[in-house]
Every structure is written in structure tokens, then in C-alpha cells.
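*Asks:* Just passing along the structure, written as C-alpha cells.
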Amino acid sequence: MRLVILDRDGVINEDSDAYIKSPDEWQAIPGSLEAIARLVHADFHVVVATNQSGIARGLFNVDMLNRIHSRMIDEIHHKGGEIDAIFFCPHGPDDHCRCRKPNIGLFEEIATRLKTNLSGTYAVGDSLRDIVAARAAQAIPVLVKTGKGSSTLTKTSGLDSVAVFDDLAAFTSALLGGGLAVTP
Amino acid sequence: MTRIARAALFQVGFVASIAVWAPVVLALFWLKPIPRYLVIRQWGRFTVWWLKITCGLSYQVAGREHIPKTPCVILSKHQSTWETLAYQWIFPPHVWVLKRELLWIPLLGWGMALSQPIAIAREQKRRAIDQVIRDGKKRLRDGRYIIIFPEGTRVARGEHGRFKLGGARLACAAACPVLPVAHNAGCFWGRRAFLKRPGVISVVIGPPIAVEGKDPAAVNTLAERWITDTTDALEKLA
Ligand SMILES: [Mg+2]
Ligand SMILES: [Zn+2]
């Protein structure tokens, strides 16, 4: 299965230290929506895997998260793209769940629901949590410099051998241009 | 159940498992080392499973693709008892470098002795290093990976000990790569701590470090830097 897994905040939309708490606060990163459309037109399935601890912290509820995601999906449709599913972790750091990245749960869930294994699947993120979770799930981590990406890059010398791109658009161009190996 | 009760339950099962496994392993003294090891590692697997059931502490491994197909020297962070249990299942058949005194523990130590560890007397430093290189090369030839905790002992979360040179010297002498491993087990199961914090331990296996054209000190420094940096990062995530 041609699948790409995307983190949300800092990859599709601008990240915020104050959390994205309403549809209004959700602002796409320039070029990210078009990139998703290009992936879809090249027969990739796109799913989102995102930590949303704002729910556990009481900053917004699942209903609000759904409204934020409705806006995101609308904007993606508008550019001719599509995402198959959104997998989110609503827990906080003290909930000891298995889904909050860097833990593997969201990726396991993706593999189970889509009945696929993730080896050869690219997982794009902007933080170390995304990289650790992706690698633990046997997916191929990709780091983008948007969101927390630049600071992740300078702060962690430990996790090399991860491909780095300026943004989702640059990753997409490399993938579709044959600059990365694709495992169908 | 309280955390104390959970930890106590784990401890009871842990001790009981030693009482069950050690006699079985001892009775298998006649087996070849690797088949016997395959029985021993089931014990590690059981204890890690039991830890998940009782204390809600599980784990995940990133970077398995970095494990070389042929035996090498594995250098790992050491923060808790956990890694000595879990590694039995995570890594291919291997031996440990450990303090000779550990083999004197009734049952547990006797069972460990049958896993062919490189048991060193730490008060005799010179001889210990020679022994690690001599026995290590032999075990590598026999198809075993060598696990070494270069800091020598368990180190508390947030701290780093000096990386001793023995592992890097063995890798250079045997011309095999060094595989660096970091994890954050100490954030969940402290050194000497009875209580365990529920959660998911992350183990990250790094890209192998080739020894060709490097001296042991250079190899050691590369491994130390990778392990320390990655451990620091993982601790922040825990
Ligand atoms: Mg992010
Ligand atoms: Zn969760």
C-alpha cells in the first residue's frame, strides 16, 4: 500500500505553544495542502497521526477537535486532496498511554486499521517524538524544518540518518520525483 | 491496586520465575550454548511480560534494522535491571560482560554462568581488559554478540558515567562494528527503586560504528557521544 503518515502540528499547519484550540487558530503551512493533493494524485493514501494532549489538559474537547479537523479536511478538499483518516492521542504525559508519541500506539493502530505493515512507509514529523515513534513502528522517519523541526535538528545530534526536508512540499517533490525509494 | 501492591506482585513473580527457570537451565548443562541460551532468554521474555501485566510498563524498540547480521559489540546505556532482562529478547544470542561476583548469587548466578558470560574480576583491571578481549573474540567467533555496559554500573537518570574503553578495544581487536544503544528505562524503573512508573520504555538502536581506520579511543568517543545525546533526548520524552 502506498501510504504516507503525517504529523499534524508543524507539518500540515503552523504549530503553536498555546495549542490549536479552535478552527480559527488552525492555519495551514504554505504549500502543505497542495503537497497532500499531489500525494493523493500520485495514488498515495495519506493519514494523520497527532498528539493532542490539549484534550487531557482541558484546553478543548473532542468535539472541538472534530471541528478543527473539519476545517482542515475542508481546506484539503479545496486543494483537491484527501486524507483517509486522522489518528489522535487525547492523553497527557501522565496518563502513561501507549498512543502518545514517542510511543508506538498510533502507528500500531494505523497498521491494524489499514491492514498493512509500515515498513517502507514514510512518516513525516517535526519533532523527535515523531522520529522515535516512526522508527519503533518500522516506518521510515522524515523530518521537516517547519514547526519545531529546525530546533529539533539543532538540539538532537543523537538521531542522525534521518532524511530532512524544508517542508512537506519539499518532501513530496523528492518522493514523487524519485528522490526517495518508494515501497508500494 | 496501588503501585506498591503492583510492584510487590511483580517482585513475587520475578523471584518465583528464577526459582523455576534456574533449575531447568542447570539441568540443560549438556546442551550446546546457543540452544541453551534460547531457553534462558524465555526467562527474560517472561519477566518483561510480567512487568507489563503487573506494573503497566511496556517497551518499544526503534532502529532494529541497524543490528548487523553478524556478531558485533553492543555498547549500551545502563540505568536499571530492566535492560538486562529485555535485551535477552531484543538482541540475537549474546553474552554479557559482568562482575564475577554476580555468578555467586544462588540460582540466578548459577543460571547466568551457563549463559557463558565474560565474568571479570574488577579489582584486577589489567587482567580484566585482557580477558574481555581474549574471551570476547572467542565468543564472537562462536556466533555470539557481546553486550557491554561501558559505564560499568547502573547510572541514575540524567547522569552519565565515564565510558570505559574495554568494549571499543574488543571491537577494534576483533574488527567488528560497535552497535550503540540508548534507552530511558531509568525514567520508569530507577536504579534500586522498588516502585515502577507505568508507561512505555523507548529503546533506540543506533547505526553501527565501523572500526576500520579508527583507534579504540575514537570509536569509544563516537559511541559515547551518540549514546549520551540520545539518552538525554529520550529522557526528555519520557
Ligand atoms: Mg508536530
Ligand atoms: Zn494516548
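Simple scheme: letters A, B, ... for chains in C-alpha cells order, numbers from 1 for residues in each chain, numbers from 1 for ligands in the order shown.
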Mind listing the residues within 7 Å of ligand 1, only C-alpha atoms and all ligand atoms counted, as a VMD selection string?

*Replies:* chain A and resid 7 to 11 15 125 to 127 147 to 148

*Asks:* Could the residues in this selection be saved with N, CA and C atoms as a PDB file, in the first residue's frame?

*Replies:*
ATOM      1  N   ASP A   7       2.433  13.892  10.676  1.00  0.00           N
ATOM      2  CA  ASP A   7       2.129  14.578  11.922  1.00  0.00           C
ATOM      3  C   ASP A   7       1.275  15.790  11.529  1.00  0.00           C
ATOM      4  N   ARG A   8       0.532  16.357  12.472  1.00  0.00           N
ATOM      5  CA  ARG A   8      -0.308  17.493  12.094  1.00  0.00           C
ATOM      6  C   ARG A   8       0.376  18.831  12.385  1.00  0.00           C
ATOM      7  N   ASP A   9       0.525  19.141  13.679  1.00  0.00           N
ATOM      8  CA  ASP A   9       1.055  20.451  14.048  1.00  0.00           C
ATOM      9  C   ASP A   9       2.528  20.581  13.675  1.00  0.00           C
ATOM     10  N   GLY A  10       2.847  21.596  12.912  1.00  0.00           N
ATOM     11  CA  GLY A  10       4.228  21.789  12.491  1.00  0.00           C
ATOM     12  C   GLY A  10       4.562  21.101  11.184  1.00  0.00           C
ATOM     13  N   VAL A  11       3.598  20.315  10.655  1.00  0.00           N
ATOM     14  CA  VAL A  11       3.818  19.658   9.362  1.00  0.00           C
ATOM     15  C   VAL A  11       2.751  20.129   8.366  1.00  0.00           C
ATOM     16  N   ASP A  15       2.467  25.383  13.999  1.00  0.00           N
ATOM     17  CA  ASP A  15       2.378  24.928  15.388  1.00  0.00           C
ATOM     18  C   ASP A  15       2.180  26.140  16.303  1.00  0.00           C
ATOM     19  N   GLY A 125       7.391  14.141  10.305  1.00  0.00           N
ATOM     20  CA  GLY A 125       7.134  14.842  11.553  1.00  0.00           C
ATOM     21  C   GLY A 125       8.112  15.991  11.745  1.00  0.00           C
ATOM     22  N   ASP A 126       7.877  16.772  12.796  1.00  0.00           N
ATOM     23  CA  ASP A 126       8.771  17.900  13.057  1.00  0.00           C
ATOM     24  C   ASP A 126       9.473  17.784  14.401  1.00  0.00           C
ATOM     25  N   SER A 127       9.263  16.650  15.111  1.00  0.00           N
ATOM     26  CA  SER A 127       9.916  16.555  16.416  1.00  0.00           C
ATOM     27  C   SER A 127      10.486  15.164  16.641  1.00  0.00           C
ATOM     28  N   GLY A 147       7.486  24.076  11.775  1.00  0.00           N
ATOM     29  CA  GLY A 147       7.099  23.817  13.164  1.00  0.00           C
ATOM     30  C   GLY A 147       8.323  23.806  14.064  1.00  0.00           C
ATOM     31  N   LYS A 148       8.427  22.708  14.864  1.00  0.00           N
ATOM     32  CA  LYS A 148       9.583  22.583  15.758  1.00  0.00           C
ATOM     33  C   LYS A 148      10.789  21.985  15.049  1.00  0.00           C
TER      34      LYS A 148
END

*Asks:* Select residues of chain B: the criterion is any atom within 8 Å of an atom of chain A, counting only C-alpha atoms; output as a VMD selection string.

*Replies:* chain B and resid 60 to 63 198 to 200 202 204 206 to 207 225 to 230 233 237 to 238

*Asks:* Atom CA of B:Gly167 and atom CA of B:Trp110, how far apart in Å?

*Replies:* 24.6 Å

*Asks:* DSSP on the backbone, helix (DSSP H, G or I) only: what residues of stretch 101-147 of chain A does that give? Format it as a ChimeraX atom specification.

*Replies:* /A:105-113,128-136

*Asks:* Taking N, CA and C atoms for each residue, export the selection above as a short mmCIF file (atom, residue, chain, number, x, y, z; two decimals), in the first residue's frame.

*Replies:*
data_model
loop_
_atom_site.label_atom_id
_atom_site.label_comp_id
_atom_site.auth_asym_id
_atom_site.auth_seq_id
_atom_site.Cartn_x
_atom_site.Cartn_y
_atom_site.Cartn_z
N GLY A 105 1.71 3.47 19.79
CA GLY A 105 0.30 3.10 19.66
C GLY A 105 -0.43 3.60 18.44
N LEU A 106 -0.26 4.88 18.10
CA LEU A 106 -0.98 5.42 16.93
C LEU A 106 -0.56 4.69 15.66
N PHE A 107 0.73 4.41 15.56
CA PHE A 107 1.23 3.72 14.36
C PHE A 107 0.72 2.28 14.31
N GLU A 108 0.66 1.64 15.47
CA GLU A 108 0.11 0.28 15.52
C GLU A 108 -1.34 0.28 15.06
N GLU A 109 -2.06 1.29 15.51
CA GLU A 109 -3.47 1.42 15.16
C GLU A 109 -3.62 1.61 13.64
N ILE A 110 -2.75 2.45 13.07
CA ILE A 110 -2.79 2.66 11.62
C ILE A 110 -2.55 1.35 10.89
N ALA A 111 -1.53 0.62 11.33
CA ALA A 111 -1.21 -0.65 10.67
C ALA A 111 -2.38 -1.62 10.77
N THR A 112 -3.02 -1.67 11.93
CA THR A 112 -4.14 -2.60 12.12
C THR A 112 -5.34 -2.19 11.28
N ARG A 113 -5.73 -0.92 11.38
CA ARG A 113 -6.92 -0.48 10.65
C ARG A 113 -6.75 -0.58 9.14
N LEU A 128 11.33 15.09 17.65
CA LEU A 128 11.97 13.83 17.98
C LEU A 128 10.95 12.74 18.31
N ARG A 129 9.82 13.15 18.95
CA ARG A 129 8.80 12.15 19.27
C ARG A 129 8.32 11.44 18.02
N ASP A 130 8.16 12.20 16.94
CA ASP A 130 7.67 11.61 15.70
C ASP A 130 8.68 10.61 15.15
N ILE A 131 9.96 10.98 15.25
CA ILE A 131 11.01 10.12 14.71
C ILE A 131 11.09 8.81 15.48
N VAL A 132 11.07 8.91 16.81
CA VAL A 132 11.19 7.70 17.63
C VAL A 132 10.00 6.77 17.40
N ALA A 133 8.79 7.36 17.37
CA ALA A 133 7.60 6.53 17.16
C ALA A 133 7.65 5.85 15.79
N ALA A 134 8.02 6.62 14.76
CA ALA A 134 8.05 6.08 13.41
C ALA A 134 9.05 4.93 13.32
N ARG A 135 10.22 5.15 13.87
CA ARG A 135 11.24 4.10 13.77
C ARG A 135 10.83 2.87 14.55
N ALA A 136 10.23 3.09 15.73
CA ALA A 136 9.81 1.94 16.53
C ALA A 136 8.76 1.13 15.78
#

*Asks:* Need the shell around A:Arg2: protein/DNA/RNA residues with any atom at most 12 Å away, counting only C-alpha atoms. Skip same-chain ones fewer than 6 positions apart. Format as a PDB file with C-alpha atoms, in the first residue's frame?

*Replies:*
ATOM      1  CA  LEU A  39       0.469  12.780  -2.968  1.00  0.00           C
ATOM      2  CA  VAL A  40      -3.136  11.721  -3.445  1.00  0.00           C
ATOM      3  CA  HIS A  41      -2.962  12.239  -7.205  1.00  0.00           C
ATOM      4  CA  ALA A  42       0.100  10.016  -7.222  1.00  0.00           C
ATOM      5  CA  ASP A  43      -2.019   7.272  -5.597  1.00  0.00           C
ATOM      6  CA  PHE A  44      -0.735   7.654  -2.078  1.00  0.00           C
ATOM      7  CA  HIS A  45      -3.046   7.228   0.868  1.00  0.00           C
ATOM      8  CA  VAL A  46      -2.451   9.962   3.436  1.00  0.00           C
ATOM      9  CA  VAL A  47      -3.241   9.570   7.137  1.00  0.00           C
ATOM     10  CA  LEU A 114      -5.351  -0.238   7.207  1.00  0.00           C
ATOM     11  CA  THR A 116      -0.780  -3.093   6.255  1.00  0.00           C
ATOM     12  CA  ASN A 117       2.665  -3.171   7.730  1.00  0.00           C
ATOM     13  CA  LEU A 118       4.516   0.082   7.891  1.00  0.00           C
ATOM     14  CA  SER A 119       7.947  -0.969   6.717  1.00  0.00           C
ATOM     15  CA  GLY A 120       8.802   1.244   3.781  1.00  0.00           C
ATOM     16  CA  THR A 121       6.146   3.794   4.751  1.00  0.00           C
ATOM     17  CA  TYR A 122       7.323   7.366   5.219  1.00  0.00           C
ATOM     18  CA  ALA A 123       6.233   9.154   8.377  1.00  0.00           C
ATOM     19  CA  LEU A 175       9.228  11.419  -3.086  1.00  0.00           C
ATOM     20  CA  LEU A 176       7.297  11.935  -6.320  1.00  0.00           C
ATOM     21  CA  ALA A 181      12.875   4.967  -2.600  1.00  0.00           C
ATOM     22  CA  VAL A 182       9.194   4.048  -2.696  1.00  0.00           C
ATOM     23  CA  THR A 183       7.947   0.736  -1.435  1.00  0.00           C
ATOM     24  CA  PRO A 184       4.451   0.150  -2.776  1.00  0.00           C
TER      25      PRO A 184
END

*Asks:* For B:Arg64, which residue among B:Ala175, B:Val25, B:Ile205, B:Ile147 is the nearest when counting only C-alpha atoms?

*Replies:*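 Selected residue with least distance to B:Arg64: B:Ile205.
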
*Asks:* Would you mind reading off the distance between atom CA of B:Ile40 and atom CA of B:Ala5, one decimal, in Å?

*Replies:* 27.7 Å
